[in-house]
Structures are given as C-alpha cells and as structure tokens.
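Trainee: Supplied structure: entry.csv, CSV, C-alpha atoms.
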chain,number,residue,atom,x,y,z
A,534,MET,CA,-139.9,-27.8,-23.6
A,535,VAL,CA,-140.5,-31.5,-24.2
A,536,LYS,CA,-139.9,-32.6,-27.8
A,537,ILE,CA,-141.6,-35.7,-29.2
A,538,ALA,CA,-141.7,-37.8,-32.4
A,539,ILE,CA,-144.7,-39.3,-34.0
A,540,LEU,CA,-144.4,-42.7,-35.8
A,541,GLY,CA,-147.1,-42.9,-38.4
A,542,TYR,CA,-149.1,-40.0,-39.7
A,543,GLY,CA,-152.4,-41.6,-40.6
A,544,THR,CA,-155.7,-41.1,-38.9
A,545,ILE,CA,-154.4,-41.2,-35.4
A,546,GLY,CA,-151.0,-39.7,-35.9
A,547,SER,CA,-152.4,-36.7,-37.7
A,548,GLY,CA,-155.0,-36.3,-35.0
A,549,VAL,CA,-152.2,-36.2,-32.4
A,550,GLY,CA,-150.6,-33.4,-34.4
A,551,GLN,CA,-153.9,-31.5,-34.5
A,552,VAL,CA,-154.5,-31.8,-30.8
A,553,LEU,CA,-151.0,-30.6,-30.0
A,554,ARG,CA,-151.5,-27.6,-32.3
A,555,GLU,CA,-155.1,-26.6,-31.4
A,556,ASN,CA,-154.8,-27.3,-27.6
A,557,ALA,CA,-151.2,-26.1,-27.2
A,558,ALA,CA,-151.9,-23.7,-24.4
A,559,LEU,CA,-153.9,-26.3,-22.5
A,560,VAL,CA,-151.3,-29.0,-23.0
A,561,GLU,CA,-148.6,-26.7,-21.8
A,562,LYS,CA,-150.6,-25.8,-18.7
A,563,ARG,CA,-151.3,-29.5,-17.9
A,564,ALA,CA,-147.8,-30.7,-18.6
A,565,GLY,CA,-146.1,-27.7,-16.9
A,566,THR,CA,-144.0,-27.2,-20.1
A,567,PRO,CA,-144.6,-26.9,-23.9
A,568,ILE,CA,-144.8,-30.1,-25.9
A,569,GLU,CA,-143.8,-30.0,-29.5
A,570,ALA,CA,-143.6,-32.6,-32.2
A,571,LYS,CA,-140.1,-32.4,-33.7
A,572,TYR,CA,-140.3,-35.3,-36.1
A,573,ILE,CA,-142.9,-37.3,-37.9
A,574,LEU,CA,-141.8,-40.7,-39.3
A,575,ASP,CA,-143.7,-41.9,-42.4
A,576,LEU,CA,-143.2,-43.3,-45.8
A,577,ARG,CA,-145.1,-40.3,-47.4
A,578,ASP,CA,-144.1,-36.7,-47.6
A,579,PHE,CA,-147.4,-34.9,-46.9
A,580,LEU,CA,-146.8,-31.9,-49.1
A,581,GLY,CA,-148.8,-28.9,-48.0
A,582,ASP,CA,-149.5,-30.3,-44.5
A,583,PRO,CA,-148.8,-28.0,-41.5
A,584,GLU,CA,-146.3,-30.6,-40.3
A,585,GLU,CA,-144.6,-31.1,-43.7
A,586,SER,CA,-141.2,-29.9,-42.6
A,587,LYS,CA,-141.1,-32.4,-39.7
A,588,VAL,CA,-141.4,-35.5,-41.8
A,589,VAL,CA,-138.5,-38.0,-41.9
A,590,HIS,CA,-138.2,-41.4,-43.3
A,591,ASP,CA,-135.4,-42.9,-41.2
A,592,ILE,CA,-136.1,-44.1,-37.6
A,593,ASP,CA,-132.4,-43.5,-36.8
A,594,VAL,CA,-132.9,-39.8,-37.1
A,595,ILE,CA,-135.3,-40.0,-34.1
A,596,LEU,CA,-133.3,-42.5,-32.2
A,597,ASP,CA,-130.0,-40.5,-32.4
A,598,ASP,CA,-131.6,-37.2,-31.3
A,599,PRO,CA,-131.3,-36.7,-27.6
A,600,GLU,CA,-133.8,-33.9,-27.6
A,601,VAL,CA,-136.6,-36.4,-28.4
A,602,ARG,CA,-137.8,-37.6,-25.0
A,603,ILE,CA,-141.1,-39.2,-25.9
A,604,VAL,CA,-142.1,-41.2,-29.0
A,605,VAL,CA,-145.7,-41.7,-30.1
A,606,GLU,CA,-146.3,-44.9,-32.1
A,607,CYS,CA,-149.4,-44.7,-34.3
A,608,MET,CA,-148.2,-47.1,-37.1
A,609,GLY,CA,-150.5,-50.0,-36.3
A,610,GLY,CA,-149.6,-53.7,-36.8
A,611,LEU,CA,-146.9,-55.7,-35.2
A,612,HIS,CA,-143.9,-55.1,-37.5
A,613,PRO,CA,-141.9,-52.9,-37.7
A,614,ALA,CA,-143.9,-51.2,-34.9
A,615,TYR,CA,-142.5,-53.6,-32.2
A,616,GLU,CA,-138.9,-53.3,-33.4
A,617,TYR,CA,-139.2,-49.5,-33.5
A,618,VAL,CA,-140.8,-49.2,-30.0
A,619,ARG,CA,-138.2,-51.6,-28.5
A,620,ARG,CA,-135.4,-49.6,-30.0
A,621,CYS,CA,-136.9,-46.3,-28.7
A,622,LEU,CA,-137.0,-47.7,-25.2
A,623,GLU,CA,-133.4,-48.9,-25.6
A,624,HIS,CA,-132.4,-45.4,-26.5
A,625,ARG,CA,-134.0,-44.2,-23.3
A,626,LYS,CA,-137.1,-42.6,-24.9
A,627,SER,CA,-140.5,-43.2,-23.3
A,628,VAL,CA,-143.2,-44.4,-25.6
A,629,VAL,CA,-147.0,-43.8,-26.0
A,630,THR,CA,-149.0,-46.0,-28.4
A,631,SER,CA,-152.5,-46.4,-29.7
A,632,ASN,CA,-151.6,-49.8,-31.3
A,633,LYS,CA,-153.9,-52.5,-29.7
A,634,GLU,CA,-152.3,-55.3,-31.7
A,635,LEU,CA,-148.8,-54.4,-30.4
A,636,VAL,CA,-149.9,-54.0,-26.8
A,637,ALA,CA,-151.9,-57.3,-26.9
A,638,ALA,CA,-148.9,-59.1,-28.2
A,639,TYR,CA,-146.0,-57.5,-26.4
A,640,GLY,CA,-147.5,-55.2,-23.7
A,641,GLY,CA,-146.1,-57.1,-20.7
A,642,GLU,CA,-142.6,-57.3,-22.1
A,643,LEU,CA,-142.4,-53.6,-23.2
A,644,LEU,CA,-144.0,-52.4,-19.9
A,645,ASP,CA,-141.5,-54.5,-17.9
A,646,PHE,CA,-138.6,-53.2,-19.9
A,647,ALA,CA,-139.7,-49.6,-19.5
A,648,HIS,CA,-140.1,-50.0,-15.7
A,649,ARG,CA,-136.7,-51.6,-15.3
A,650,ASN,CA,-135.1,-48.6,-17.1
A,651,GLU,CA,-137.1,-45.9,-15.3
A,652,LEU,CA,-139.1,-45.1,-18.5
A,653,ASN,CA,-142.8,-45.1,-19.3
A,654,TYR,CA,-144.8,-47.1,-21.8
A,655,GLN,CA,-148.4,-46.0,-21.9
A,656,PHE,CA,-151.3,-47.1,-24.1
A,657,GLU,CA,-154.6,-45.6,-23.0
A,658,ALA,CA,-155.7,-45.2,-26.6
A,659,SER,CA,-155.3,-48.9,-27.4
A,660,VAL,CA,-158.6,-49.8,-25.9
A,661,GLY,CA,-161.8,-47.7,-26.1
A,662,GLY,CA,-160.5,-44.7,-28.0
A,663,GLY,CA,-161.0,-41.7,-25.8
A,664,ILE,CA,-162.7,-43.7,-23.0
A,665,PRO,CA,-160.2,-43.6,-20.0
A,666,VAL,CA,-160.5,-47.2,-19.0
A,667,ILE,CA,-156.9,-48.1,-18.7
A,668,ARG,CA,-156.2,-45.0,-16.5
A,669,ALA,CA,-159.2,-46.0,-14.4
A,670,ILE,CA,-157.7,-49.5,-13.8
A,671,ASN,CA,-154.2,-48.3,-13.2
A,672,SER,CA,-155.1,-45.2,-11.1
A,673,ALA,CA,-158.6,-44.8,-9.8
A,674,LEU,CA,-159.1,-48.5,-9.0
A,675,THR,CA,-155.7,-49.5,-7.6
A,676,ALA,CA,-157.3,-50.2,-4.1
A,677,GLU,CA,-159.7,-52.7,-5.7
A,678,ASN,CA,-159.4,-56.5,-6.1
A,679,LEU,CA,-160.9,-56.5,-9.6
A,680,GLU,CA,-163.2,-59.5,-10.3
A,681,ALA,CA,-164.5,-59.0,-13.8
A,682,VAL,CA,-164.4,-56.9,-16.9
A,683,THR,CA,-167.3,-57.0,-19.4
A,684,GLY,CA,-167.3,-54.8,-22.5
A,685,ILE,CA,-168.8,-53.8,-25.8
A,686,LEU,CA,-165.4,-53.1,-27.2
A,687,ASN,CA,-166.1,-52.9,-30.9
A,688,GLY,CA,-168.2,-50.0,-32.3
A,689,THR,CA,-168.7,-51.6,-35.8
A,690,THR,CA,-170.4,-54.7,-34.5
A,691,ASN,CA,-172.4,-52.7,-32.0
A,692,TYR,CA,-173.6,-50.5,-34.8
A,693,ILE,CA,-174.6,-53.6,-36.9
A,694,LEU,CA,-176.5,-55.3,-34.1
A,695,THR,CA,-178.3,-52.0,-33.2
A,696,ARG,CA,-179.6,-51.5,-36.7
A,697,MET,CA,-180.6,-55.1,-37.0
A,698,LYS,CA,-182.7,-54.8,-33.9
A,699,ASN,CA,-184.1,-51.3,-34.6
A,700,GLU,CA,-184.8,-51.7,-38.4
A,701,GLY,CA,-185.3,-55.4,-38.9
A,702,LEU,CA,-182.4,-55.6,-41.4
A,703,SER,CA,-180.2,-58.6,-42.1
A,704,TYR,CA,-176.6,-58.8,-41.0
A,705,GLU,CA,-175.5,-58.6,-44.7
A,706,GLU,CA,-177.6,-55.4,-45.4
A,707,VAL,CA,-176.3,-53.5,-42.4
A,708,LEU,CA,-172.7,-54.6,-43.0
A,709,LYS,CA,-172.9,-53.1,-46.5
A,710,ASP,CA,-174.2,-49.8,-45.1
A,711,ALA,CA,-171.5,-49.8,-42.4
A,712,GLN,CA,-168.8,-50.2,-45.1
A,713,ALA,CA,-170.3,-47.4,-47.1
A,714,LEU,CA,-170.4,-45.1,-44.1
A,715,GLY,CA,-166.8,-45.9,-43.1
A,716,TYR,CA,-167.7,-47.7,-39.9
A,717,ALA,CA,-166.5,-51.1,-41.3
A,718,GLU,CA,-163.4,-51.8,-43.3
A,719,ARG,CA,-163.5,-53.3,-46.8
A,720,ASP,CA,-162.3,-56.5,-45.1
A,721,PRO,CA,-164.4,-56.4,-41.8
A,722,SER,CA,-163.2,-59.8,-40.5
A,723,ALA,CA,-161.2,-58.4,-37.5
A,724,ASP,CA,-164.3,-56.7,-36.3
A,725,VAL,CA,-167.1,-59.1,-37.2
A,726,LEU,CA,-165.2,-62.2,-36.1
A,727,GLY,CA,-164.4,-60.8,-32.7
A,728,HIS,CA,-160.7,-60.5,-33.1
A,729,ASP,CA,-160.6,-56.8,-32.4
A,730,ALA,CA,-162.6,-57.1,-29.2
A,731,GLY,CA,-160.4,-60.1,-28.3
A,732,ARG,CA,-157.2,-58.1,-28.5
A,733,LYS,CA,-158.7,-55.3,-26.4
A,734,LEU,CA,-160.0,-57.8,-23.8
A,735,SER,CA,-156.5,-59.3,-23.5
A,736,ILE,CA,-155.1,-55.9,-22.6
A,737,LEU,CA,-157.8,-55.1,-20.1
A,738,SER,CA,-157.6,-58.6,-18.5
A,739,SER,CA,-153.8,-58.4,-18.2
A,740,LEU,CA,-154.0,-55.1,-16.4
A,741,ALA,CA,-157.0,-56.0,-14.3
A,742,PHE,CA,-155.6,-59.3,-13.0
A,743,ASP,CA,-151.8,-58.5,-13.2
A,744,VAL,CA,-151.0,-61.4,-15.5
A,745,THR,CA,-150.4,-61.8,-19.2
A,746,VAL,CA,-153.6,-62.9,-21.0
A,747,LYS,CA,-152.6,-63.7,-24.5
A,748,TYR,CA,-155.1,-62.8,-27.2
A,749,GLU,CA,-154.6,-66.1,-29.1
A,750,ASP,CA,-155.7,-68.0,-25.9
A,751,ILE,CA,-159.1,-66.2,-25.9
A,752,ARG,CA,-162.0,-68.0,-27.6
A,753,CYS,CA,-163.5,-65.5,-30.0
A,754,GLU,CA,-166.9,-65.9,-31.7
A,755,GLY,CA,-168.2,-63.1,-33.9
A,756,ILE,CA,-171.6,-61.9,-35.1
A,757,THR,CA,-171.7,-63.3,-38.6
A,758,LYS,CA,-174.2,-66.0,-37.6
A,759,VAL,CA,-176.6,-63.7,-35.8
A,760,SER,CA,-179.8,-63.9,-37.7
A,761,GLN,CA,-182.8,-61.6,-37.8
A,762,GLU,CA,-184.8,-64.4,-36.2
A,763,ASP,CA,-182.3,-64.4,-33.3
A,764,ILE,CA,-182.8,-60.7,-32.9
A,765,ARG,CA,-186.6,-61.1,-33.0
A,766,TYR,CA,-186.5,-63.7,-30.2
A,767,ALA,CA,-184.3,-61.5,-28.1
A,768,THR,CA,-186.7,-58.6,-28.5
A,769,GLU,CA,-189.6,-60.8,-27.6
A,770,LEU,CA,-187.8,-61.7,-24.4
A,771,GLY,CA,-187.2,-58.0,-23.7
A,772,MET,CA,-183.5,-58.5,-24.4
A,773,ALA,CA,-180.8,-57.4,-26.9
A,774,ILE,CA,-177.9,-59.3,-28.5
A,775,LYS,CA,-174.5,-57.7,-27.9
A,776,LEU,CA,-171.0,-58.8,-28.8
A,777,LEU,CA,-169.6,-59.1,-25.3
A,778,ALA,CA,-165.9,-59.4,-24.4
A,779,LYS,CA,-165.8,-60.8,-20.9
A,780,SER,CA,-163.2,-61.9,-18.4
A,781,ARG,CA,-163.5,-63.1,-14.8
A,782,ARG,CA,-161.2,-64.1,-12.1
A,783,VAL,CA,-162.5,-66.8,-9.8
A,784,GLY,CA,-159.9,-67.7,-7.1
A,785,GLN,CA,-156.6,-68.2,-9.0
A,786,GLU,CA,-158.3,-69.0,-12.3
A,787,VAL,CA,-158.9,-66.5,-15.1
A,788,PHE,CA,-161.7,-67.0,-17.7
A,789,ALA,CA,-162.0,-65.0,-20.9
A,790,ARG,CA,-164.3,-65.1,-23.9
A,791,VAL,CA,-165.6,-62.9,-26.8
A,792,GLY,CA,-169.0,-63.8,-28.3
A,793,PRO,CA,-172.6,-62.7,-28.9
A,794,SER,CA,-174.7,-62.8,-25.7
A,795,MET,CA,-178.2,-61.7,-24.7
A,796,VAL,CA,-178.6,-59.0,-22.1
A,797,GLY,CA,-181.7,-57.8,-20.4
A,798,PRO,CA,-182.8,-54.2,-19.6
A,799,ASP,CA,-181.3,-54.4,-16.1
A,800,HIS,CA,-177.9,-55.1,-17.5
A,801,LEU,CA,-175.7,-51.9,-17.5
A,802,LEU,CA,-174.6,-52.5,-21.1
A,803,TYR,CA,-178.2,-53.0,-22.5
A,804,ASN,CA,-178.5,-49.3,-23.5
A,805,VAL,CA,-175.0,-49.0,-25.1
A,806,THR,CA,-176.0,-48.8,-28.7
A,807,ASP,CA,-174.9,-47.6,-32.1
A,808,VAL,CA,-171.1,-47.0,-32.5
A,809,PHE,CA,-170.6,-46.5,-28.7
A,810,ASN,CA,-168.4,-48.7,-26.6
A,811,GLY,CA,-169.2,-49.6,-23.0
A,812,ILE,CA,-166.9,-51.2,-20.4
A,813,LEU,CA,-168.2,-52.6,-17.1
A,814,ILE,CA,-165.6,-53.1,-14.4
A,815,ARG,CA,-166.4,-55.0,-11.2
A,816,GLY,CA,-164.3,-54.5,-8.0
A,817,ASN,CA,-164.7,-56.3,-4.7
A,818,MET,CA,-165.3,-53.0,-2.8
A,819,VAL,CA,-166.7,-50.5,-5.3
A,820,GLY,CA,-169.0,-52.9,-7.1
A,821,ASP,CA,-169.8,-52.1,-10.8
A,822,ILE,CA,-168.4,-49.1,-12.7
A,823,LEU,CA,-169.5,-48.4,-16.2
A,824,LEU,CA,-167.5,-46.3,-18.7
A,825,VAL,CA,-169.2,-45.4,-22.0
A,826,GLY,CA,-168.1,-43.4,-25.1
A,827,LYS,CA,-167.1,-43.6,-28.7
A,828,GLY,CA,-164.4,-46.2,-28.9
A,829,ALA,CA,-162.7,-45.0,-32.1
A,830,GLY,CA,-162.2,-41.9,-34.3
A,831,SER,CA,-159.2,-39.7,-35.0
A,832,LEU,CA,-159.7,-37.0,-32.4
A,833,PRO,CA,-161.1,-39.0,-29.4
A,834,THR,CA,-158.3,-41.5,-29.8
A,835,ALA,CA,-155.7,-38.7,-30.3
A,836,SER,CA,-156.9,-37.0,-27.2
A,837,ALA,CA,-156.2,-40.1,-25.2
A,838,VAL,CA,-152.7,-40.4,-26.8
A,839,VAL,CA,-151.9,-36.8,-25.9
A,840,ALA,CA,-153.1,-37.3,-22.3
A,841,ASP,CA,-150.5,-40.1,-22.0
A,842,VAL,CA,-147.9,-37.8,-23.5
A,843,ILE,CA,-148.7,-35.2,-20.9
A,844,ASP,CA,-148.4,-37.7,-18.1
A,845,GLU,CA,-145.0,-38.9,-19.4
A,846,ALA,CA,-143.8,-35.4,-19.9
A,847,LYS,CA,-144.5,-34.8,-16.2
A,848,HIS,CA,-142.6,-37.9,-15.2
A,849,LEU,CA,-139.6,-38.1,-17.5
A,850,HIS,CA,-137.3,-39.6,-14.9
A,851,ARG,CA,-139.5,-42.4,-13.3
A,852,SER,CA,-142.1,-44.9,-14.2
A,853,VAL,CA,-145.5,-43.9,-13.0
A,854,TRP,CA,-148.0,-46.8,-13.4
A,855,GLY,CA,-148.8,-50.2,-14.8
A,856,ASP,CA,-149.1,-53.6,-13.1
A,857,TRP,CA,-148.8,-56.2,-15.7
A,858,LYS,CA,-146.6,-59.2,-15.0
A,859,ASP,CA,-145.0,-60.6,-18.1
A,860,GLU,CA,-146.1,-64.1,-17.1
A,861,ARG,CA,-148.5,-65.9,-19.4
A,862,VAL,CA,-151.5,-67.3,-17.6
A,863,HIS,CA,-153.2,-70.5,-18.7
A,864,LEU,CA,-156.9,-69.5,-19.2
A,865,ALA,CA,-159.5,-71.7,-17.6
A,866,ASP,CA,-162.2,-73.0,-19.9
A,867,PHE,CA,-165.1,-70.5,-20.1
A,868,GLU,CA,-167.4,-73.4,-20.7
A,869,ASP,CA,-166.9,-74.5,-17.1
A,870,LEU,CA,-168.9,-71.4,-16.0
A,871,SER,CA,-172.6,-71.6,-15.5
A,872,CYS,CA,-175.3,-69.2,-16.8
A,873,ARG,CA,-178.7,-69.2,-18.4
A,874,PHE,CA,-178.8,-69.9,-22.1
A,875,PHE,CA,-181.3,-69.1,-24.8
A,876,VAL,CA,-181.8,-72.0,-27.3
A,877,ARG,CA,-183.8,-72.1,-30.6
A,878,LEU,CA,-185.2,-75.4,-31.8
A,879,ALA,CA,-186.8,-76.2,-35.2
A,880,GLY,CA,-190.4,-77.5,-35.2
A,881,ASP,CA,-193.6,-76.5,-33.5
A,882,LEU,CA,-193.9,-76.1,-29.8
A,883,THR,CA,-196.2,-79.1,-28.9
A,884,GLN,CA,-196.9,-80.3,-25.4
A,885,ALA,CA,-194.6,-83.2,-25.8
A,886,ARG,CA,-191.7,-80.9,-26.9
A,887,ARG,CA,-192.4,-78.5,-24.1
A,888,GLU,CA,-192.1,-81.3,-21.6
A,889,GLU,CA,-189.0,-82.6,-23.2
A,890,ALA,CA,-187.3,-79.2,-23.0
A,891,GLU,CA,-188.3,-78.8,-19.4
A,892,GLU,CA,-186.9,-82.2,-18.6
A,893,VAL,CA,-183.7,-82.1,-20.7
A,894,PHE,CA,-182.8,-78.5,-20.6
A,895,LYS,CA,-184.6,-77.3,-17.5
A,896,ALA,CA,-186.4,-74.8,-19.7
A,897,GLU,CA,-188.0,-72.0,-17.7
A,898,ARG,CA,-189.5,-69.7,-20.3
A,899,PHE,CA,-190.7,-70.4,-23.8
A,900,VAL,CA,-191.2,-68.0,-26.6
A,901,THR,CA,-192.6,-68.4,-30.2
A,902,ILE,CA,-192.6,-66.0,-33.2
A,903,PRO,CA,-195.8,-66.0,-35.4
A,904,GLY,CA,-195.1,-67.5,-38.8
A,905,LEU,CA,-192.0,-69.4,-37.7
A,906,GLU,CA,-192.2,-73.2,-37.3
A,907,GLU,CA,-189.8,-73.2,-34.4
A,908,PHE,CA,-189.6,-72.1,-30.8
A,909,GLY,CA,-187.1,-70.9,-28.2
A,910,PHE,CA,-186.6,-71.1,-24.5
A,911,VAL,CA,-184.5,-69.9,-21.6
A,912,THR,CA,-182.7,-72.6,-19.6
A,913,ALA,CA,-182.0,-72.7,-15.9
A,914,PRO,CA,-178.3,-72.0,-15.1
A,915,ILE,CA,-176.1,-74.7,-16.6
A,916,ARG,CA,-172.4,-75.1,-17.4
A,917,GLY,CA,-171.6,-74.3,-21.0
A,918,ARG,CA,-170.0,-77.6,-21.6
A,919,ASP,CA,-173.0,-79.4,-20.2
A,920,LEU,CA,-175.3,-77.6,-22.6
A,921,HIS,CA,-173.1,-78.4,-25.5
A,922,ALA,CA,-173.2,-82.0,-24.6
A,923,LEU,CA,-177.0,-81.9,-24.8
A,924,ILE,CA,-177.3,-80.0,-28.1
A,925,ASP,CA,-174.2,-81.1,-30.1
A,926,SER,CA,-175.9,-84.4,-31.3
A,927,ARG,CA,-179.3,-82.8,-32.1
A,928,LYS,CA,-180.3,-81.8,-35.6
A,929,ASP,CA,-183.0,-79.4,-34.5
A,930,VAL,CA,-180.9,-76.8,-32.8
A,931,LEU,CA,-180.9,-73.5,-34.7
A,932,SER,CA,-178.9,-71.3,-32.4
A,933,ARG,CA,-177.9,-70.8,-28.8
A,934,TYR,CA,-176.8,-67.7,-26.8
A,935,ARG,CA,-175.4,-67.1,-23.4
A,936,ILE,CA,-177.5,-64.8,-21.2
A,937,ASP,CA,-175.2,-62.4,-19.4
A,938,GLU,CA,-176.5,-61.3,-16.1
A,939,ALA,CA,-173.5,-59.5,-14.7
What does this structure look like when you write it as structure tokens?
Mentor:
Amino acid sequence: MVKIAILGYGTIGSGVGQVLRENAALVEKRAGTPIEAKYILDLRDFLGDPEESKVVHDIDVILDDPEVRIVVECMGGLHPAYEYVRRCLEHRKSVVTSNKELVAAYGGELLDFAHRNELNYQFEASVGGGIPVIRAINSALTAENLEAVTGILNGTTNYILTRMKNEGLSYEEVLKDAQALGYAERDPSADVLGHDAGRKLSILSSLAFDVTVKYEDIRCEGITKVSQEDIRYATELGMAIKLLAKSRRVGQEVFARVGPSMVGPDHLLYNVTDVFNGILIRGNMVGDILLVGKGAGSLPTASAVVADVIDEAKHLHRSVWGDWKDERVHLADFEDLSCRFFVRLAGDLTQARREEAEEVFKAERFVTIPGLEEFGFVTAPIRGRDLHALIDSRKDVLSRYRIDEA
C-alpha cells in the first residue's frame, strides 16, 4: 500500500479524496497497489466529513511520517505552498500539485530538485484541468521538436466571449451572469485580465521548449475592452474573438503572448466554445494536435491529480519524466512577428478613406456595420510593432486585433 497526504481540502483536495474512495478498485489496479490518504492538512476540521479523522493542522506530522510517500498539494497560492512542497521533497516525499501559480513560479526549480534526488514532482492538473496536455508533451510527443503552443486556457473568458457572440450581450452583462453561475470569481481580474492564462502558458512553454519561461515576462492583455461592436465585426468577417495564449519558438528565440485574437472557421480553436478549453500543439513531424475538454472543476481536475499519484506510486524510486531546464529565457518581442490584423476606424468609409487604408495599412478587406459611423478592415501581414507605429498617433482608431491563422 502507498500512503499519501493531501495539503488543502477545498474544491480540488476534497475531489481527490472522492476519486480515491469511489475509484479505489480501479486506482489499485492501475497502480498495482492500494493508495490511501493517511492525512489531510487544513486549517478547518470538517466535522462529519468521511475523511474527518485524517485531518491534521501541522505539516510536521506529515513530514515526520515515513509511511507517507507522496504528498498532494491543493492549497493554491505561493506561500506557504512553496515552502511546504520544498520541505516535502527534502524529506524524500514525491509531490503532485494542481497549483498553477506555484508551478509557474517555481516549477523548474522544484522539478530539478526532485530529479536530482530521484523523486517525482508532477503537475498535470495545473493546466487544463482534466485535459492531459502535460502528459502529452512529456510522454506522447517526446520525439517531436515542438514549434508552437496555442491555447484557449481560461474557461471563464471563453464563456463570456461565447455568450457575447451568440446573444449580443455586453461584456459587463455576461460577466455578472458568470459570477452568479460560479464561473467567475467575485474578483475576476485573474481571469479577465489574462493572468490565469499567462501562468498556464508559462508552464506549457517551459515544458515544450525546455527552458524557463517566467509568467511575469509574458505580455498579457485581457478581454475587458472587447466590445459588442468588435464581436459584430468579427461575425461579419466569419470569425470569432478568442482569448488566445500563444508561444512560438523560431530558431533559438521564444515568443509568448496572451491576448484577444480573431480566428476564422478553419482555425482548430474556432469551435472551442463555452467553458471549454482547447490546446493546439504543433510539432515538426506530427503537425497539429488539438486537445479539448473542460479546463476546471473539482472532479475533472482531481482525476488528473490522481492520475499523477498513480504514476508516482508506480515509480517510487526513480524520476520518470519532465524536461524543464531551470534557466530563465529572455523572451523575444511578440510584436516582431508578422500577421494580419483587424483594425476599426471611426468615421464613414468614403472612397478617400478606403484609398488611404489601402495605401497606409495595405488593407485587403473592408467591412461596415449598418447604423455605425465607422468601418473596419483586414490588413496584409505586418509586424505588430510596425502596425502600432502607424496607429499610435491616430485619433480615429477604435480597436485592433491580431488574426491568428496557426
């Protein structure tokens, strides 16, 4: 039998306990041995809970018990989660975590420490909930030279943008509904400003490119400025606006960005809607692979956690996976990359303004919305910094969006 401890008994931690109880026979079959939670660390007591007798309030109880071989960290946040995880590894206990903030900040360091000490540090549930994207990168795609990762990594913002498109509602209206339904937090800033997606992108990029991509180095732009007019233009163009987290490796340079982009119906992420996440991975041999599923929720995320626990239980005496050099890479400027853009300008689309847009922006396709004294157009491929140089001094620019064609 392998005994584990769970740090934090909230949404995810309690889900781990439920998966271990309800799927006990399956877990034993897959691991080759029973897996049992011996301790649960939390500030609360959980009177009446099936796991009430396992609750402790002192991390040292877990650290000093040699029977505990694996620790599951579901606390969230950086501190004291980092200190607890580091101490667990130092006490020769492998660790599984669902904490994206911790992995984004310290993943390279903790993975390196675990490997040097023949332990495991796994974090499948930190990105995409139950979507097995990290395992895909670290197992199924190890023969690939990975070139790009593009993802819809936040279900809250995808839900908001989907309803804005389908129902003609404003950002503020849908956000209020999302909060009422529990899809968005009371303070939704981590989601709607792109920070949640940025942390997940830093993890995926670090694993895909075998470097450390720091979250704070990624330029993040959220969806708070996406208007119903922008949505209508995208629809008129046959496109949709998505909050995309994207990283690319070009030669020795790594680019990364989070921000709203337009995608057409031929884009593999176009039909990823509602609260679903989608992650598109491009390899030099296999081409594009798309993984889609619900990116959050107690049981999908807990299932991914338990899958990592099973893997570690089968490999208690050696490290099994994870290429992530603890060496911070200097990100190249995403604005140096070229793509098509959509630009909205105030004022009527006269012949003179059409000719100006064609000359200045190399506009290729124009679009107008009845009742609006403005127009939009799609540019020829242009570097982001060159487009900004053209529009920054103009007073008539209402919005601009990258058009992602990958």
Trainee: Using Å and a single decimal, report how far atom CA of A:Thr690 sits from atom CA of A:Val660.
Mentor: 15.4 Å
Trainee: Do you have the atom CA of A:Ile812-atom CA of A:Phe910 distance handy?
Mentor: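 Going from atom CA of A:Ile812 over to atom CA of A:Phe910, I get 28.3 Å.
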Trainee: Could you please determine the separation between atom CA of A:Gly811 and atom CA of A:Val825 in Å, to one decimal place?
Mentor: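 Between these atoms lies a distance of 4.3 Å.
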Trainee: Check the smallest atom-to-atom distance from each of A:Gly784, A:Gly565, A:Gly880, A:Gly609 to A:Lys847 using only C-alpha atoms, then report the winner.
Mentor: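 Checking each of A:Gly784, A:Gly565, A:Gly880, A:Gly609 against A:Lys847, counting only C-alpha atoms, the winner is A:Gly565.
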Trainee: Using only C-alpha atoms for the distances, tell me which of A:Asp597, A:Glu845, A:Asp750, A:Glu906 is nearest to A:Phe867.
Mentor: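 Checking each of A:Asp597, A:Glu845, A:Asp750, A:Glu906 against A:Phe867, counting only C-alpha atoms, the winner is A:Asp750.
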Trainee: Around the point (-146.5, -55.4, -30.7) in the file's coordinates, collect all residues with an atom within 12 Å, using all atoms listed in the file, and return them as a count of residues only.
Mentor: 34
Trainee: Got a sec: who's within 9 Å of stretch 885-890 of chain A, counting only C-alpha atoms, leaving out chain neighbours fewer than 6 positions off, as a PyMOL selection string?
Mentor: chain A and resi 896-897+899+910+912
Trainee: Given the selection you just returned, output its residues as a file containing C-alpha atoms, formatted as a tab-separated table (two decimals), in the coordinates of the input.
Mentor:
chain	number	residue	atom	x	y	z
A	896	ALA	CA	-186.40	-74.80	-19.70
A	897	GLU	CA	-188.00	-72.00	-17.70
A	899	PHE	CA	-190.70	-70.40	-23.80
A	910	PHE	CA	-186.60	-71.10	-24.50
A	912	THR	CA	-182.70	-72.60	-19.60
Trainee: Closest to A:Leu679 among A:Ser932, A:Ser780, A:Ser760, A:Ser836, using all atoms listed in the file?
Mentor: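 Selected residue with least distance to A:Leu679: A:Ser780.
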Trainee: Would you list the residues near (-170.7, -44.9, -28.8), meaning any protein, DNA or RNA residue with an atom at most 8 Å from that point in file coordinates, counting only C-alpha atoms, as a PyMOL selection string?
Mentor: chain A and resi 688+805-811+825-828
Trainee: Which one is closest to A:Glu651: A:Ala922, A:Leu870, A:Leu849, A:Ala557? Count only C-alpha atoms.
Mentor: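 Counting only C-alpha atoms, the residue closest to A:Glu651 is A:Leu849.
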Trainee: Considering all atoms listed in the file, can you say which of A:Gly701, A:Gly684, A:Pro914, A:Gly550 comes closest to A:His800?
Mentor: A:Gly684
Trainee: Given all atoms listed in the file as the basis, pick out the residue of A:Leu740, A:Leu553, A:Val783, A:Leu708 nearest to A:Glu860.
Mentor: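 Of A:Leu740, A:Leu553, A:Val783, A:Leu708, the one nearest A:Glu860, counting all atoms listed in the file, is A:Leu740.
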